[in-house]
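All remarks here apply to the structure that follows.
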Amino acid sequence: MANSESTATLKLAEAEIARGEPQNAARRLIEWQSRFDDSASRRAAAEMLLRVRRDDAAVPFAVHVAQDGVESWAWCWYFAVHIRAKGDLHASRAVLTALRDSQTDPVLRMRAELALALGLPAAYASIDELHDVRAQFARNLDAFVAEYSPENIERLAPPPDKLCWDNFFLAYHGENDRDLQTIFGRWLSQSLAKLLPNFATAPTPPARTRPRLAMVSNYFHDCTVGWYFSSWIEELARRNWEVVLVHVGVERDALTEQLARFAHAELTLDGTLTENAAALRELAADIVIYPELGMDRDTLALAALRLAPRQVCAWGHPITSGLSTIDAFFSCAEMEPADARDHYTERLILLPALGTRYPGPQIPVPLTRRQMGLPENRTLYLVPQTLYKLHPDTDAVLVEIVRRDPSALFVLFELTPPSSVVRVHDRLMRALSKVSADPRRHVHCFAQCSRADYLCINLACDVMVDGLHWSGGNTALDALHCGLPIVTCPERFMRGRQSAAMLRAIDCSELIAQSPDELARIAVSVARDAKRRATFAARIRQHLPNLTQSNAPLDALDRALRDVLSNRTT
């Protein structure tokens, strides 16, 4: 129970925040830290410091809480996740280390070790930091799977859910992740097979007049995965497949209901991993499709089990799963490089064009720049990628744009907390200070907004600047539907080549650069030439339907799935 001094201090700090004096509140909490001698008051103080963006001061409070042991496990775990998502890996590890060292339960120690070994920040202060963290990740992964081998996991016998993990942020390093994903995928599949031997071999589906296909995702709602793969659900249900829509989690919206009307049945998985695996296995599907793997740890764990005779995934998260339980990876032929098969553990199956039929957004009535709080007399460069996708290498492109165009204003988007906005913003300010005495005047950040508002921002900008290593997918399609030219530079892997493939398909190859410097040069040239932008906009609108509305990808998908089902090669 909190003592009277800590209670009074918390109330005073809360009052100062309410009066608009957050720094006074932070100073009070820091100076009077010794008054907090129980977990409840320390948690409250740490949460208050996070609210006023004094993360550095919140960490010592959280470390003290972690030392209290198992009673504080859940709070400390989420604090560590939160602070890591904001880019502070060192602080996250400090809390997790204290949490691990305070545990007597070996399962909880293992869980903390897993997070310590494989936790990745959402953003980096520099390219050197990114390389250092990646090297640490590789070493930590090897050490962790050696210490907690599948045989040791079997002896430890943790609840299977304690193994659930995904390496989501690994894909944004711009490197070949096949080897690292293979090590992790092998460990996850073999460990779960030890804990859940009944799910290590596929069920035998009964004879049916049409094959049963389970589409499994946590993202069958209004988001990129929902938009990309809605036509898969609609068309396969029409083509003599029995389509079952399997939701991992309970989130639903209008798009979910639309997809449910296409499918023949639905299944919602909201239990433990064991319960979810049993329910999915009981479907006795002939084939399971995971439109994306690696974005949700619970879905990845299901995919690590053998719950159907054939299991495939797609490019909703364009990185190999590393799982031996996934038989094939569906991607887009025009987006993959010549050596693409070296990037996947799965058999790679390539679909034409976008790999899907894409339902374009309804374009809103444009707003003026003034209505949106944007300046009328500046060149607006849209940089729409989520901030954790903004690789440090992209900074040099933005610097070169400002050097060539001092009127440049980059339009970016924040995420809802916890986000890496502060770390990325500070990094950009340091980079832009090389060419501008006032780097802040070159960056305008919008808060997360509705899709209609986002499209209005696209309509107001002069050009979209694609990120290096991770190009636009849905953001590129939104820009193109608004007639906004995209300038891109294709990279080594599919995830950095999507926009380039789209531009080639709609006769806009002049917007594809061969180097980061050329990317900046083309972007400035197009952004400052209204006549040229109008020409590109007309060409985009003329050719875009041929790219987004073609049925050829769906025809190829249908054939490929039947080949997979019969175990034929493509």
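Identifiers for the structure tokens are assigned positionally: chains receive A, B, ... in sequence, residues are indexed from 1 per chain, and ligands are indexed from 1 in the order shown.
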
Contact table stretch 142-220 of chain A vs stretch 547-565 of chain A, cut-off 12 Å, shortest pair per residue, only C-alpha atoms, as CSV:
```
residue,atom,partner,partner_atom,distance
A:Pro205,CA,A:Leu565,CA,11.9
A:Arg210,CA,A:Arg562,CA,11.0
A:Pro211,CA,A:Leu565,CA,8.8
A:Arg212,CA,A:Leu565,CA,10.5
A:Leu213,CA,A:Leu561,CA,9.6
```

Using DSSP secondary structure from the backbone, list all alpha helix (DSSP H) positions within stretch 386-566 of chain A, as an MDAnalysis selection string. chainID A and resid 394:404 421:432 451:460 474:481 498:505 516:527 530:548 552:565

Surrounding residues of stretch 482-496 of chain A excluding itself and chain neighbours under 6 positions, 6 Å, only C-alpha atoms, as an MDAnalysis selection string: chainID A and resid 318 335:336 459 463:466 469:471 511:514 523 537

Please produce a file of the residues just selected, as a compact mmCIF listing (two decimals), in the first residue's frame, where the atoms kept are N, CA, C and O atoms.
```txt
# COMPACT_ATOMS: atom_id res chain seq x y z
N PRO A 318 5.91 -9.29 -46.29
CA PRO A 318 6.77 -9.87 -47.33
C PRO A 318 8.15 -10.28 -46.85
O PRO A 318 9.17 -9.69 -47.18
N MET A 335 7.42 -8.09 -58.87
CA MET A 335 8.03 -7.43 -57.72
C MET A 335 9.27 -8.14 -57.21
O MET A 335 10.02 -7.59 -56.40
N GLU A 336 9.48 -9.37 -57.63
CA GLU A 336 10.58 -10.16 -57.11
C GLU A 336 11.83 -10.00 -57.99
O GLU A 336 11.73 -9.90 -59.21
N LEU A 459 -3.87 14.11 -52.09
CA LEU A 459 -4.33 15.00 -53.17
C LEU A 459 -3.65 16.36 -53.09
O LEU A 459 -3.49 17.04 -54.12
N VAL A 463 4.39 15.19 -54.80
CA VAL A 463 5.00 13.94 -55.21
C VAL A 463 5.14 13.07 -53.96
O VAL A 463 5.23 13.59 -52.84
N MET A 464 5.12 11.75 -54.15
CA MET A 464 5.38 10.82 -53.05
C MET A 464 6.82 10.33 -53.18
O MET A 464 7.25 9.89 -54.25
N VAL A 465 7.56 10.38 -52.08
CA VAL A 465 8.93 9.87 -52.03
C VAL A 465 8.90 8.50 -51.36
O VAL A 465 8.53 8.37 -50.20
N ASP A 466 9.27 7.47 -52.12
CA ASP A 466 9.25 6.11 -51.59
C ASP A 466 10.45 5.89 -50.69
O ASP A 466 11.55 6.42 -50.93
N HIS A 469 14.53 0.40 -49.13
CA HIS A 469 14.47 -0.93 -48.52
C HIS A 469 13.04 -1.41 -48.27
O HIS A 469 12.81 -2.61 -48.25
N TRP A 470 12.11 -0.49 -48.03
CA TRP A 470 10.70 -0.90 -47.83
C TRP A 470 9.84 0.10 -48.62
O TRP A 470 9.60 1.22 -48.18
N SER A 471 9.38 -0.33 -49.76
CA SER A 471 8.64 0.58 -50.62
C SER A 471 7.16 0.58 -50.25
O SER A 471 6.70 -0.24 -49.45
N LEU A 511 9.77 7.34 -63.45
CA LEU A 511 9.77 7.67 -62.03
C LEU A 511 10.60 6.68 -61.20
O LEU A 511 10.68 6.80 -59.98
N ILE A 512 11.21 5.70 -61.86
CA ILE A 512 12.02 4.70 -61.17
C ILE A 512 13.49 5.11 -61.25
O ILE A 512 14.07 5.19 -62.34
N ALA A 513 14.08 5.38 -60.11
CA ALA A 513 15.50 5.79 -60.05
C ALA A 513 16.39 4.57 -59.91
O ALA A 513 15.95 3.50 -59.47
N GLN A 514 17.65 4.74 -60.26
CA GLN A 514 18.62 3.66 -60.15
C GLN A 514 19.56 3.84 -58.96
O GLN A 514 20.41 2.98 -58.71
N ALA A 523 12.63 13.27 -57.85
CA ALA A 523 11.56 13.77 -56.99
C ALA A 523 11.45 15.29 -57.07
O ALA A 523 10.35 15.85 -57.20
N ALA A 537 -0.16 12.22 -63.88
CA ALA A 537 -1.47 11.94 -63.28
C ALA A 537 -2.42 11.37 -64.32
O ALA A 537 -3.17 10.41 -64.04
```

Ranking A:Arg27, A:Arg528, A:His444, A:Lys11 by minimum distance to A:Gly373 and counting only C-alpha atoms, which one comes first?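 Between A:Arg27, A:Arg528, A:His444, A:Lys11, the residue approaching A:Gly373 most closely is A:His444.
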
7 Å contact set for stretch 142-155 of chain A, only C-alpha atoms, chain neighbours under 4 positions out, as a list in words: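 Here the qualifying residues turn out to be Ala117, Ala138, Trp187, Gln190, Ser191, Lys194 and Leu195 of chain A.
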
Considering only C-alpha atoms, state which residue in the set A:Ala45, A:Ala333, A:Leu259, A:Val246 is at the smallest distance from A:Ser230.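 Of A:Ala45, A:Ala333, A:Leu259, A:Val246, the one nearest A:Ser230, counting only C-alpha atoms, is A:Leu259.
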
Best match for closeness to A:Arg369 among A:Cys456, A:Ser321, A:Ala447, A:Ala308, counting only C-alpha atoms: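 Result for the nearest residue to A:Arg369: A:Cys456.
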
Could you name the residues that touch stretch 53-63 of chain A at 9 Å or less, counting only C-alpha atoms, but leaving out those on the same chain fewer than 4 positions away, as a count of residues only? 29

Identify all residues of stretch 181-351 of chain A in strand (DSSP E) (DSSP on the backbone) and supply them as a VMD selection string. chain A and resid 212 to 217 242 to 248 265 to 269 287 to 290 310 to 314 328 to 332 347 to 351

Got a sec: who's within 10 Å of A:Thr209, counting only C-alpha atoms, leaving out chain neighbours fewer than 2 positions off, as number ranges by chain? A: 206-207, 211-212, 240-242

Take the residues from that selection and write them out as a compact mmCIF listing (two decimals), in the first residue's frame, keeping N, CA and C atoms.
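Listing of selection_36.txt after writing:
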```
# COMPACT_ATOMS: atom_id res chain seq x y z
N PRO A 206 -11.75 -35.52 -44.86
CA PRO A 206 -12.66 -36.48 -45.50
C PRO A 206 -12.83 -36.16 -46.98
N ALA A 207 -13.36 -37.11 -47.72
CA ALA A 207 -13.65 -36.87 -49.14
C ALA A 207 -14.75 -35.82 -49.25
N PRO A 211 -12.77 -28.92 -52.38
CA PRO A 211 -11.80 -28.82 -51.29
C PRO A 211 -12.13 -27.68 -50.33
N ARG A 212 -11.84 -27.92 -49.06
CA ARG A 212 -12.06 -26.91 -48.02
C ARG A 212 -10.79 -26.10 -47.83
N ASN A 240 -15.43 -23.06 -56.81
CA ASN A 240 -15.51 -24.45 -56.35
C ASN A 240 -14.55 -24.76 -55.22
N TRP A 241 -14.31 -23.76 -54.36
CA TRP A 241 -13.63 -23.97 -53.09
C TRP A 241 -14.63 -23.71 -51.97
N GLU A 242 -14.56 -24.49 -50.92
CA GLU A 242 -15.33 -24.20 -49.72
C GLU A 242 -14.45 -23.33 -48.81
```

Quick one: of A:Ala157, A:Ile233, A:Ala40, A:Val312, who's nearest to A:Asp286, counting only C-alpha atoms?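 Looking at the shortest contact to A:Asp286, the residue is A:Val312.
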
Take atom CA of A:Ala112 and atom CA of A:Arg100 and report the distance between them in Å, one decimal.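 Here the two named atoms are 5.5 Å from each other.
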
Can you tell me which residues surround A:Cys164 at a distance of at most 6 Å, considering only C-alpha atoms, apart from same-chain residues fewer than 2 positions away, and format the answer as a list in words?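 Answer for this query is Asp161, Lys162, Arg297 and Ala301 of chain A.
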
Next, write the just-selected residues to a file, as a compact mmCIF listing (two decimals), in the first residue's frame, keeping C-alpha atoms as the atom set.
```txt
# COMPACT_ATOMS: atom_id res chain seq x y z
CA ASP A 161 1.56 -19.77 -25.34
CA LYS A 162 4.82 -18.81 -23.59
CA ARG A 297 2.64 -13.93 -32.80
CA ALA A 301 2.47 -20.06 -33.69
```

Return the single residue from A:Ala476, A:Ile17, A:Leu180, A:Leu236 that is closest to A:Thr320, with distances computed using only C-alpha atoms. A:Leu180

Provide the atom CA of A:Val107 to atom CA of A:Thr182 distance in Å, to one decimal place.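 Atom CA of A:Thr182 lies at a distance of 24.0 Å from atom CA of A:Val107.
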
Hey, could you make a per-residue contact list for stretch 137-220 of chain A against stretch 264-276 of chain A with 12 Å as the cut-off, showing the nearest pair of atoms and its distance in Å to one decimal, counting only C-alpha atoms, sorted by chain and number, as a tab-separated table?
```
residue	atom	partner	partner_atom	distance
A:Pro159	CA	A:Thr274	CA	8.9
A:Pro160	CA	A:Leu273	CA	6.6
A:Asp161	CA	A:Leu273	CA	5.7
A:Lys162	CA	A:Leu273	CA	9.5
A:Leu163	CA	A:Leu273	CA	9.9
A:Cys164	CA	A:Leu273	CA	8.6
A:Leu192	CA	A:Thr274	CA	10.0
A:Ala193	CA	A:Thr274	CA	11.6
A:Leu195	CA	A:Thr274	CA	9.7
A:Leu196	CA	A:Thr274	CA	7.7
A:Pro197	CA	A:Thr274	CA	11.0
A:Asn198	CA	A:Thr274	CA	10.1
A:Phe199	CA	A:Thr274	CA	9.1
A:Arg212	CA	A:His264	CA	9.8
A:Leu213	CA	A:His264	CA	10.0
A:Ala214	CA	A:Glu266	CA	9.1
A:Met215	CA	A:Glu266	CA	9.5
A:Val216	CA	A:Leu267	CA	9.2
A:Ser217	CA	A:Leu269	CA	9.9
A:Asn218	CA	A:Leu269	CA	9.4
A:Phe220	CA	A:Thr268	CA	11.3
```

When you count only C-alpha atoms, which of these residues is closest to A:Pro406: A:Asp438, A:Asp166, A:Glu334, A:Asp177?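 Closest to A:Pro406, using only C-alpha atoms: A:Asp438.
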